[in-house]
>>> print(open('protein18.txt').read())   # compact mmCIF, C-alpha atoms and all ligand atoms
# COMPACT_ATOMS: atom_id res chain seq x y z
CA MET A 898 113.28 -33.74 150.65
CA SER A 899 116.67 -31.98 150.90
CA LEU A 900 119.80 -33.95 150.05
CA ILE A 901 121.44 -32.70 153.24
CA SER A 902 119.88 -30.86 156.12
CA ILE A 903 121.85 -29.66 159.15
CA GLU A 904 119.52 -28.93 162.04
CA ASN A 905 120.67 -26.84 165.01
CA LEU A 906 124.08 -28.52 165.25
CA HIS A 907 126.11 -27.86 168.41
CA VAL A 908 129.72 -29.08 168.77
CA HIS A 909 131.69 -28.58 171.98
CA PHE A 910 135.32 -29.20 172.88
CA ILE A 911 135.40 -30.41 176.47
CA SER A 912 138.80 -30.53 178.15
CA ARG A 913 140.50 -29.86 181.52
CA GLY A 914 141.84 -26.42 182.38
CA ILE A 915 144.98 -25.69 184.40
CA ASP A 916 143.05 -26.17 187.69
CA ASN A 917 141.86 -29.57 186.40
CA GLN A 918 138.26 -28.29 186.09
CA LEU A 919 136.30 -29.24 182.96
CA ILE A 920 136.13 -26.37 180.49
CA THR A 921 133.99 -26.17 177.36
CA ALA A 922 134.66 -24.35 174.10
CA LYS A 923 131.31 -23.94 172.35
CA ALA A 924 132.66 -24.11 168.81
CA LEU A 925 129.37 -24.73 166.94
CA ASN A 926 126.28 -23.14 168.46
CA GLY A 927 123.34 -23.84 166.22
CA VAL A 928 124.35 -24.49 162.64
CA SER A 929 121.34 -24.96 160.39
CA PHE A 930 121.08 -25.08 156.60
CA SER A 931 119.86 -27.40 153.89
CA LEU A 932 120.82 -28.16 150.33
CA GLU A 933 118.90 -29.73 147.45
CA ALA A 934 120.37 -32.19 144.93
CA GLY A 935 122.19 -30.36 142.14
CA GLN A 936 122.83 -27.19 144.19
CA VAL A 937 126.13 -25.63 145.26
CA MET A 938 126.28 -24.00 148.71
CA GLY A 939 128.98 -21.53 149.74
CA ILE A 940 129.91 -21.23 153.42
CA VAL A 941 131.67 -18.00 154.36
CA GLY A 942 132.82 -16.43 157.60
CA GLU A 943 136.00 -15.22 159.26
CA THR A 944 138.68 -17.52 160.58
CA GLY A 945 137.49 -19.58 163.55
CA ALA A 946 133.81 -19.19 162.59
CA GLY A 947 133.36 -22.97 162.45
CA LYS A 948 133.33 -23.64 158.70
CA SER A 949 135.74 -26.58 158.74
CA LEU A 950 134.19 -27.95 161.91
CA THR A 951 130.81 -28.00 160.15
CA ALA A 952 132.37 -29.85 157.21
CA ASN A 953 134.14 -32.29 159.51
CA SER A 954 130.89 -32.96 161.38
CA ILE A 955 129.19 -33.90 158.10
CA LEU A 956 132.17 -36.02 157.05
CA GLY A 957 132.32 -37.84 160.40
CA LEU A 958 135.86 -36.57 160.98
CA LEU A 959 135.36 -35.09 164.46
CA ARG A 960 137.71 -36.58 167.03
CA PRO A 961 137.75 -36.13 170.84
CA PRO A 962 137.63 -33.73 172.57
CA ALA A 963 135.17 -32.52 169.88
CA LYS A 964 131.65 -33.81 170.52
CA ILE A 965 128.28 -33.25 168.87
CA VAL A 966 126.10 -32.33 171.85
CA LYS A 967 122.91 -31.35 170.02
CA GLY A 968 121.33 -31.30 166.58
CA ARG A 969 120.97 -33.59 163.57
CA ILE A 970 122.69 -34.14 160.22
CA LEU A 971 120.16 -35.59 157.81
CA PHE A 972 121.45 -37.06 154.55
CA ASN A 973 118.61 -38.17 152.27
CA GLY A 974 116.43 -38.00 155.37
CA GLU A 975 118.63 -40.32 157.46
CA ASP A 976 120.44 -39.00 160.55
CA ILE A 977 124.04 -39.90 159.77
CA ARG A 978 125.21 -38.36 163.06
CA VAL A 979 123.91 -41.19 165.20
CA HIS A 980 125.43 -44.06 163.23
CA ASP A 981 129.09 -43.11 163.18
CA HIS A 982 130.27 -46.71 163.11
CA GLU A 983 127.87 -47.65 160.30
CA THR A 984 128.18 -44.83 157.84
CA SER A 985 131.37 -45.62 155.95
CA SER A 986 129.22 -46.43 152.91
CA VAL A 987 127.88 -42.87 153.06
CA ARG A 988 130.99 -41.01 154.08
CA GLY A 989 133.87 -41.30 151.64
CA LYS A 990 131.58 -42.68 148.97
CA GLN A 991 128.37 -40.64 148.88
CA ILE A 992 129.92 -37.65 150.68
CA THR A 993 133.52 -36.79 149.81
CA LEU A 994 136.05 -34.08 150.62
CA ILE A 995 138.33 -31.95 148.47
CA PRO A 996 140.89 -30.83 151.04
CA GLN A 997 142.79 -27.56 151.19
CA SER A 998 146.36 -28.81 150.74
CA PRO A 999 146.64 -30.99 147.64
CA LYS A 1000 150.31 -31.87 148.06
CA THR A 1001 149.95 -33.23 151.58
CA SER A 1002 146.62 -34.94 150.86
CA LEU A 1003 147.99 -37.27 148.18
CA ASP A 1004 149.89 -40.39 149.26
CA PRO A 1005 153.52 -39.58 148.33
CA THR A 1006 154.43 -43.28 148.02
CA THR A 1007 151.78 -44.23 145.44
CA ARG A 1008 151.48 -43.29 141.77
CA ILE A 1009 148.47 -41.12 140.86
CA GLY A 1010 146.66 -43.78 138.84
CA ASP A 1011 147.13 -46.41 141.55
CA GLN A 1012 145.63 -44.03 144.15
CA LEU A 1013 142.55 -43.47 141.98
CA ILE A 1014 142.20 -47.22 141.32
CA ARG A 1015 142.63 -48.06 145.02
CA MET A 1016 139.80 -45.71 145.99
CA GLN A 1017 137.41 -47.56 143.70
CA VAL A 1018 138.52 -50.99 144.88
CA GLU A 1019 138.22 -49.99 148.56
CA HIS A 1020 134.64 -48.80 148.05
CA GLY A 1021 133.74 -51.71 145.77
CA THR A 1022 132.70 -49.51 142.85
CA ALA A 1023 135.12 -50.98 140.25
CA SER A 1024 138.24 -53.11 139.91
CA GLY A 1025 140.83 -54.22 137.35
CA SER A 1026 140.63 -52.67 133.88
CA ASP A 1027 137.31 -50.95 134.66
CA ALA A 1028 138.91 -49.09 137.56
CA TYR A 1029 141.89 -48.14 135.36
CA ALA A 1030 139.56 -46.83 132.62
CA ARG A 1031 137.48 -44.85 135.12
CA ALA A 1032 140.62 -43.34 136.69
CA LEU A 1033 141.93 -42.27 133.27
CA ASN A 1034 138.53 -40.88 132.32
CA MET A 1035 138.39 -38.83 135.54
CA LEU A 1036 141.84 -37.34 134.84
CA GLU A 1037 140.54 -36.36 131.38
CA GLN A 1038 137.40 -34.83 132.90
CA VAL A 1039 139.38 -32.66 135.30
CA GLN A 1040 141.52 -31.58 132.32
CA ILE A 1041 144.89 -32.87 133.43
CA PRO A 1042 147.33 -32.44 130.52
CA ASP A 1043 148.52 -35.80 129.09
CA PRO A 1044 146.36 -37.94 131.42
CA THR A 1045 147.77 -41.31 130.30
CA ARG A 1046 151.27 -40.25 131.33
CA ARG A 1047 149.97 -38.72 134.59
CA MET A 1048 148.45 -42.07 135.58
CA SER A 1049 151.97 -43.27 136.36
CA ALA A 1050 153.24 -39.96 137.81
CA TRP A 1051 154.24 -39.54 141.46
CA PRO A 1052 152.50 -36.78 143.49
CA HIS A 1053 155.75 -34.77 143.81
CA GLU A 1054 155.92 -34.50 140.01
CA LEU A 1055 152.68 -32.45 139.87
CA SER A 1056 152.23 -28.68 140.18
CA GLY A 1057 149.88 -27.42 142.92
CA GLY A 1058 147.10 -26.81 140.39
CA MET A 1059 147.52 -30.26 138.85
CA ALA A 1060 147.54 -31.92 142.29
CA GLN A 1061 144.30 -30.09 143.13
CA ARG A 1062 142.76 -31.40 139.89
CA VAL A 1063 143.79 -34.94 140.90
CA LEU A 1064 142.04 -34.43 144.25
CA ILE A 1065 138.89 -33.30 142.46
CA ALA A 1066 139.12 -36.45 140.32
CA ALA A 1067 139.59 -38.50 143.50
CA SER A 1068 136.60 -36.87 145.20
CA LEU A 1069 134.32 -37.57 142.22
CA ILE A 1070 135.59 -41.01 141.20
CA ASN A 1071 132.98 -43.01 143.12
CA SER A 1072 130.12 -40.75 141.90
CA PRO A 1073 129.25 -39.19 145.26
CA LYS A 1074 126.07 -37.22 145.86
CA LEU A 1075 127.77 -34.47 147.87
CA VAL A 1076 131.29 -33.06 147.48
CA ILE A 1077 132.63 -30.76 150.21
CA ALA A 1078 135.49 -28.48 149.18
CA ASP A 1079 137.25 -26.80 152.13
CA GLU A 1080 139.08 -23.78 150.69
CA PRO A 1081 140.03 -25.85 147.63
CA THR A 1082 142.04 -23.21 145.82
CA THR A 1083 143.81 -21.31 148.62
CA GLY A 1084 147.46 -20.84 147.70
CA LEU A 1085 146.91 -21.22 143.95
CA ASP A 1086 147.25 -18.26 141.62
CA LEU A 1087 144.03 -16.55 140.50
CA THR A 1088 143.95 -17.97 136.96
CA VAL A 1089 144.46 -21.56 138.13
CA GLN A 1090 141.91 -20.96 140.92
CA ALA A 1091 139.26 -19.85 138.41
CA GLU A 1092 139.99 -22.77 136.04
CA ILE A 1093 139.75 -25.30 138.88
CA LEU A 1094 136.51 -23.89 140.27
CA ASP A 1095 135.03 -23.78 136.75
CA THR A 1096 135.93 -27.45 136.29
CA LEU A 1097 134.47 -28.40 139.68
CA ARG A 1098 131.22 -26.50 139.09
CA LYS A 1099 130.78 -27.99 135.59
CA LEU A 1100 131.37 -31.57 136.79
CA VAL A 1101 129.05 -31.14 139.78
CA THR A 1102 126.27 -29.79 137.54
CA ALA A 1103 126.83 -32.34 134.75
CA ASN A 1104 126.57 -35.23 137.21
CA ASN A 1105 123.66 -33.77 139.21
CA MET A 1106 125.77 -33.77 142.37
CA SER A 1107 125.68 -31.18 145.14
CA SER A 1108 128.61 -29.34 146.59
CA ILE A 1109 129.53 -27.25 149.61
CA ILE A 1110 132.37 -24.80 148.96
CA ILE A 1111 134.01 -23.31 152.06
CA THR A 1112 135.81 -20.07 151.38
CA HIS A 1113 136.78 -16.62 152.67
CA ASP A 1114 136.19 -15.19 149.22
CA LEU A 1115 132.73 -13.73 148.54
CA GLY A 1116 133.64 -13.49 144.85
CA ILE A 1117 133.86 -17.30 144.68
CA VAL A 1118 130.45 -17.58 146.32
CA ALA A 1119 128.94 -15.05 143.91
CA HIS A 1120 130.35 -16.86 140.85
CA TYR A 1121 130.04 -20.53 141.68
CA CYS A 1122 127.29 -21.01 144.29
CA ASP A 1123 123.48 -21.12 144.22
CA ARG A 1124 123.02 -20.71 147.97
CA MET A 1125 125.15 -19.36 150.79
CA ALA A 1126 125.43 -19.64 154.56
CA VAL A 1127 127.21 -16.94 156.56
CA MET A 1128 128.85 -18.13 159.78
CA PHE A 1129 129.92 -16.15 162.83
CA ALA A 1130 131.21 -17.60 166.14
CA GLY A 1131 129.94 -21.08 165.41
CA SER A 1132 126.48 -20.12 164.19
CA VAL A 1133 124.91 -19.64 160.79
CA VAL A 1134 123.62 -16.06 161.00
CA GLU A 1135 122.17 -15.80 157.49
CA GLU A 1136 121.27 -18.33 154.82
CA GLY A 1137 119.70 -17.93 151.44
CA ASP A 1138 119.83 -17.77 147.70
CA VAL A 1139 123.09 -16.07 146.63
CA VAL A 1140 121.35 -13.39 144.54
CA SER A 1141 118.95 -12.57 147.38
CA VAL A 1142 121.70 -12.38 150.05
CA PHE A 1143 123.97 -10.16 147.95
CA LYS A 1144 121.07 -7.93 146.93
CA LYS A 1145 119.49 -7.72 150.36
CA PRO A 1146 121.94 -8.77 153.12
CA LEU A 1147 119.93 -8.83 156.32
CA HIS A 1148 122.39 -9.55 159.10
CA PRO A 1149 124.83 -6.81 160.18
CA TYR A 1150 127.72 -9.31 159.87
CA THR A 1151 126.79 -10.20 156.28
CA GLN A 1152 126.54 -6.50 155.55
CA SER A 1153 130.02 -5.89 156.94
CA LEU A 1154 131.45 -8.81 154.91
CA ILE A 1155 129.97 -7.40 151.71
CA ALA A 1156 131.18 -3.92 152.69
CA SER A 1157 134.70 -5.43 152.92
CA THR A 1158 134.83 -6.60 149.30
CA PRO A 1159 137.31 -4.63 147.13
CA LYS A 1160 134.44 -3.16 145.08
CA GLN A 1161 132.64 -1.80 148.15
CA ILE A 1162 135.88 -0.57 149.79
CA ALA A 1163 136.70 1.36 146.58
CA LYS A 1164 133.22 2.89 146.75
CA ASN A 1165 132.76 3.56 150.46
CA GLY A 1166 136.22 3.29 152.03
CA TYR A 1167 137.62 0.77 154.49
CA LYS A 1168 136.01 0.23 157.90
CA ARG A 1169 138.32 -1.26 160.49
CA ILE A 1170 137.00 -4.10 162.68
CA THR A 1171 137.94 -3.18 166.22
CA THR A 1172 136.80 -6.26 168.16
CA GLY A 1173 137.93 -9.85 167.72
CA PRO A 1174 135.68 -12.91 167.66
CA PRO A 1175 133.91 -13.76 170.95
CA ASP A 1176 135.59 -16.12 173.40
CA LEU A 1177 134.15 -19.58 172.71
CA TYR A 1178 134.80 -20.55 176.36
CA ASN A 1179 132.64 -17.66 177.58
CA LEU A 1180 129.76 -17.21 175.16
CA GLY A 1181 126.73 -15.57 176.73
CA ASN A 1182 123.14 -16.41 175.89
CA GLY A 1183 122.39 -13.49 173.61
CA CYS A 1184 123.50 -12.66 170.10
CA SER A 1185 127.19 -13.53 169.65
CA TYR A 1186 127.67 -10.55 167.30
CA LYS A 1187 126.49 -7.91 169.81
CA ASP A 1188 129.97 -6.60 170.77
CA ARG A 1189 130.61 -5.69 167.15
CA CYS A 1190 127.15 -4.67 166.09
CA HIS A 1191 126.24 -1.03 165.53
CA LYS A 1192 122.54 -1.90 165.87
CA ALA A 1193 122.78 -3.74 169.22
CA GLN A 1194 119.98 -3.02 171.71
CA PRO A 1195 119.31 -4.41 175.21
CA ILE A 1196 117.11 -7.14 173.70
CA CYS A 1197 120.22 -8.48 171.89
CA GLU A 1198 121.30 -9.90 175.29
CA THR A 1199 118.68 -12.57 174.53
CA ALA A 1200 119.04 -15.05 171.68
CA PRO A 1201 117.40 -13.91 168.43
CA GLN A 1202 114.90 -16.01 166.49
CA TRP A 1203 115.19 -16.97 162.84
CA VAL A 1204 113.43 -14.44 160.62
CA SER A 1205 112.49 -15.35 157.03
CA VAL A 1206 112.12 -12.59 154.52
CA ASP A 1207 111.94 -14.12 151.07
CA SER A 1208 111.31 -17.76 150.48
CA GLY A 1209 114.47 -19.59 151.56
CA HIS A 1210 116.29 -16.45 152.77
CA GLN A 1211 116.50 -16.14 156.53
CA THR A 1212 118.60 -14.54 159.23
CA TRP A 1213 119.23 -14.83 162.95
CA CYS A 1214 118.86 -11.27 164.23
CA HIS A 1215 116.42 -9.15 166.24
CA PHE A 1216 116.65 -6.27 163.77
CA PRO A 1217 117.21 -7.59 160.26
CA GLY A 1218 117.54 -4.89 157.67
CA HIS A 1219 119.33 -4.31 154.45
CA SER A 1220 121.59 -1.30 154.62
CA LEU A 1221 125.30 -1.76 153.90
CA ASN A 1222 126.25 0.75 156.61
CA ALA A 1223 127.40 -1.94 159.00
N1 LIG A 1301 140.74 -28.89 170.18
C1 LIG A 1301 140.09 -27.72 170.23
N2 LIG A 1301 139.75 -27.17 171.42
C2 LIG A 1301 139.07 -26.00 171.48
N3 LIG A 1301 138.66 -25.30 170.41
C3 LIG A 1301 138.98 -25.79 169.20
C4 LIG A 1301 139.71 -27.01 169.03
N4 LIG A 1301 139.86 -27.24 167.69
C5 LIG A 1301 139.24 -26.19 167.06
N5 LIG A 1301 138.72 -25.33 167.97
C6 LIG A 1301 138.00 -24.08 167.68
O1 LIG A 1301 136.88 -24.32 166.87
C7 LIG A 1301 136.58 -23.13 166.15
C8 LIG A 1301 136.17 -23.44 164.74
O2 LIG A 1301 137.32 -23.85 164.00
P1 LIG A 1301 137.26 -24.10 162.42
O3 LIG A 1301 138.52 -24.81 162.05
O4 LIG A 1301 135.99 -24.77 162.05
O5 LIG A 1301 137.26 -22.61 161.86
P2 LIG A 1301 137.17 -22.14 160.34
O6 LIG A 1301 135.95 -21.30 160.21
O7 LIG A 1301 137.31 -23.30 159.43
O8 LIG A 1301 138.45 -21.17 160.26
P3 LIG A 1301 139.50 -20.97 159.05
O9 LIG A 1301 138.87 -20.01 158.12
O10 LIG A 1301 140.70 -20.37 159.75
O11 LIG A 1301 139.81 -22.30 158.44
C9 LIG A 1301 137.82 -22.23 166.26
O12 LIG A 1301 137.55 -21.13 167.07
C10 LIG A 1301 138.85 -23.12 166.87
O13 LIG A 1301 139.72 -22.38 167.72
S1 LIG A 1302 120.59 -9.53 167.21
FE1 LIG A 1302 121.14 -7.44 167.79
S2 LIG A 1302 123.36 -7.50 168.17
FE2 LIG A 1302 122.81 -9.34 167.04
S3 LIG A 1302 123.19 -8.82 164.92
FE3 LIG A 1302 121.02 -8.43 165.30
S4 LIG A 1302 120.92 -6.27 165.91
FE4 LIG A 1302 123.06 -6.88 166.05
MG MG A 1303 138.81 -23.95 158.10
>>> encode(input="protein18.txt", output="structure tokens")
Amino acid sequence: MSLISIENLHVHFISRGIDNQLITAKALNGVSFSLEAGQVMGIVGETGAGKSLTANSILGLLRPPAKIVKGRILFNGEDIRVHDHETSSVRGKQITLIPQSPKTSLDPTTRIGDQLIRMQVEHGTASGSDAYARALNMLEQVQIPDPTRRMSAWPHELSGGMAQRVLIAASLINSPKLVIADEPTTGLDLTVQAEILDTLRKLVTANNMSSIIITHDLGIVAHYCDRMAVMFAGSVVEEGDVVSVFKKPLHPYTQSLIASTPKQIAKNGYKRITTGPPDLYNLGNGCSYKDRCHKAQPICETAPQWVSVDSGHQTWCHFPGHSLNA
């Protein structure tokens, strides 16, 4: 059984337009993927593709007007979507988040050590000297310099990289099963970014946890992830083992993403994207990528089916193929 399995998840934003009529933005339109214990999944896709919304759905952080209208989120086989009021023991303890902005995610009025201790006390995992020892140990594990001194530091005294390490410590302190990192190293310089992702990957593997890393950077996916899901306009359009997807990208959008990496641009030149993302308020029934797709045919006006090629590598396209001439 998968640790987490997202099945055909649909999230809509329903609000009133200027004429007071109800209008619907179809922000997630069939997100499906699964992840085994011990694996790291990368989610990629352009801005607005629905990556954070997918993470927030798993974390139970959706707020009105966002609404899950279809699909399931199975965690250890249990649908955590339907028990929002009951799942605090899962969310925040068994599933945790490493957010994008470390400085604004730490409580500025509380010393680092006290924040790490408080998280354990709130979830009932440790208290008193045990919680202090665990907090110190986590700061050591994320390789904070001089961890004993940092226990009594204020958030504003930390660099961006150090603050991000504290957030990794915070996300792992209650020994979760799944850690979701939403663009965890954006804004940090490349060396710090690599050190932090190395630390995260090592800790996740050492503790047999799973992780979902959301990023725009295919290099991060190639280096740190076992599996990847490619999102476009609120749908996963390709999912599979990282080696298989990079070697044999099947969906035209995945092919264009790979063709946009610096290595491929140096080799084949830069191809400009001339159309924006589809309007989420006016999505048709067919393939959402059709306006941008060089392979589009009349049948693409109807929704594609999932096509599996290798075991665990599948795509959502009428004409999957593996040329990089997207
Ligand atoms: N309140 C809202 N009403 C309507 N649409 C919304 C609302 N909030 C978010 N959206 C839309 O949901 C879509 C998915 O947003 P999401 O934040 O998940 O994108 P993302 O893939 O994480 O992008 P980025 O890479 O920029 O972080 C976007 O198109 C966004 O405009
Ligand atoms: S279904 Fe058609 S339009 Fe959509 S990606 Fe595949 S070939 Fe292109
Ligand atoms: Mg986002």
>>> residues_around(input="protein18.txt", residues="stretch 999-1014 of chain A", least_positions_apart="2", cutoff="7 Å", atoms="all atoms listed in the file", output="list in words")
Pro996, Gln997, Met1016, Gln1017, Val1018, Ala1028, Tyr1029, Ala1032, Arg1047, Met1048, Ser1049, Ala1050, Trp1051, Pro1052, His1053, Gly1057, Ala1060, Gln1061, Leu1064 and Ala1067 of chain A
>>> closest_atom_pairs(input="protein18.txt", of="chain A", to="ligand LIG 1301 (chain A)", cutoff="7 Å", atoms="all atoms listed in the file", output="Markdown table")
| residue | atom | partner | partner_atom | distance |
| --- | --- | --- | --- | --- |
| A:Phe910 | CA | A:LIG1301 | N2 | 5.1 |
| A:Ala922 | CA | A:LIG1301 | C2 | 5.4 |
| A:Ala924 | CA | A:LIG1301 | O1 | 4.6 |
| A:Gly942 | CA | A:LIG1301 | O6 | 6.4 |
| A:Glu943 | CA | A:LIG1301 | O9 | 5.7 |
| A:Thr944 | CA | A:LIG1301 | O9 | 3.5 |
| A:Gly945 | CA | A:LIG1301 | O5 | 3.5 |
| A:Ala946 | CA | A:LIG1301 | O6 | 3.8 |
| A:Gly947 | CA | A:LIG1301 | O4 | 3.2 |
| A:Lys948 | CA | A:LIG1301 | O6 | 3.8 |
| A:Ser949 | CA | A:LIG1301 | O7 | 3.7 |
| A:Leu950 | CA | A:LIG1301 | O4 | 3.7 |
| A:Thr951 | CA | A:LIG1301 | O4 | 6.4 |
| A:Pro962 | CA | A:LIG1301 | N1 | 6.2 |
| A:Ala963 | CA | A:LIG1301 | N1 | 6.7 |
| A:His1113 | CA | A:LIG1301 | O9 | 6.8 |
| A:Gly1131 | CA | A:LIG1301 | C8 | 6.7 |
| A:Leu1177 | CA | A:LIG1301 | O12 | 6.8 |
>>> residues_around(input="protein18.txt", residues="A:Phe1216", least_positions_apart="4", cutoff="12 Å", atoms="only C-alpha atoms", output="list in words")
Leu1147, His1148, Pro1149, Cys1184, Lys1187, Cys1190, His1191, Lys1192, Ala1193, Gln1194, Pro1195, Ile1196, Cys1197, Pro1201, Gln1202, Trp1203, Val1204, Thr1212 and Ser1220 of chain A
>>> atom_distance(input="protein18.txt", atom1="atom CA of A:Ser1026", atom2="atom CA of A:Arg988")
25.2 Å
>>> atom_distance(input="protein18.txt", atom1="atom CA of A:Ser998", atom2="atom CA of A:Ala1023")
27.0 Å
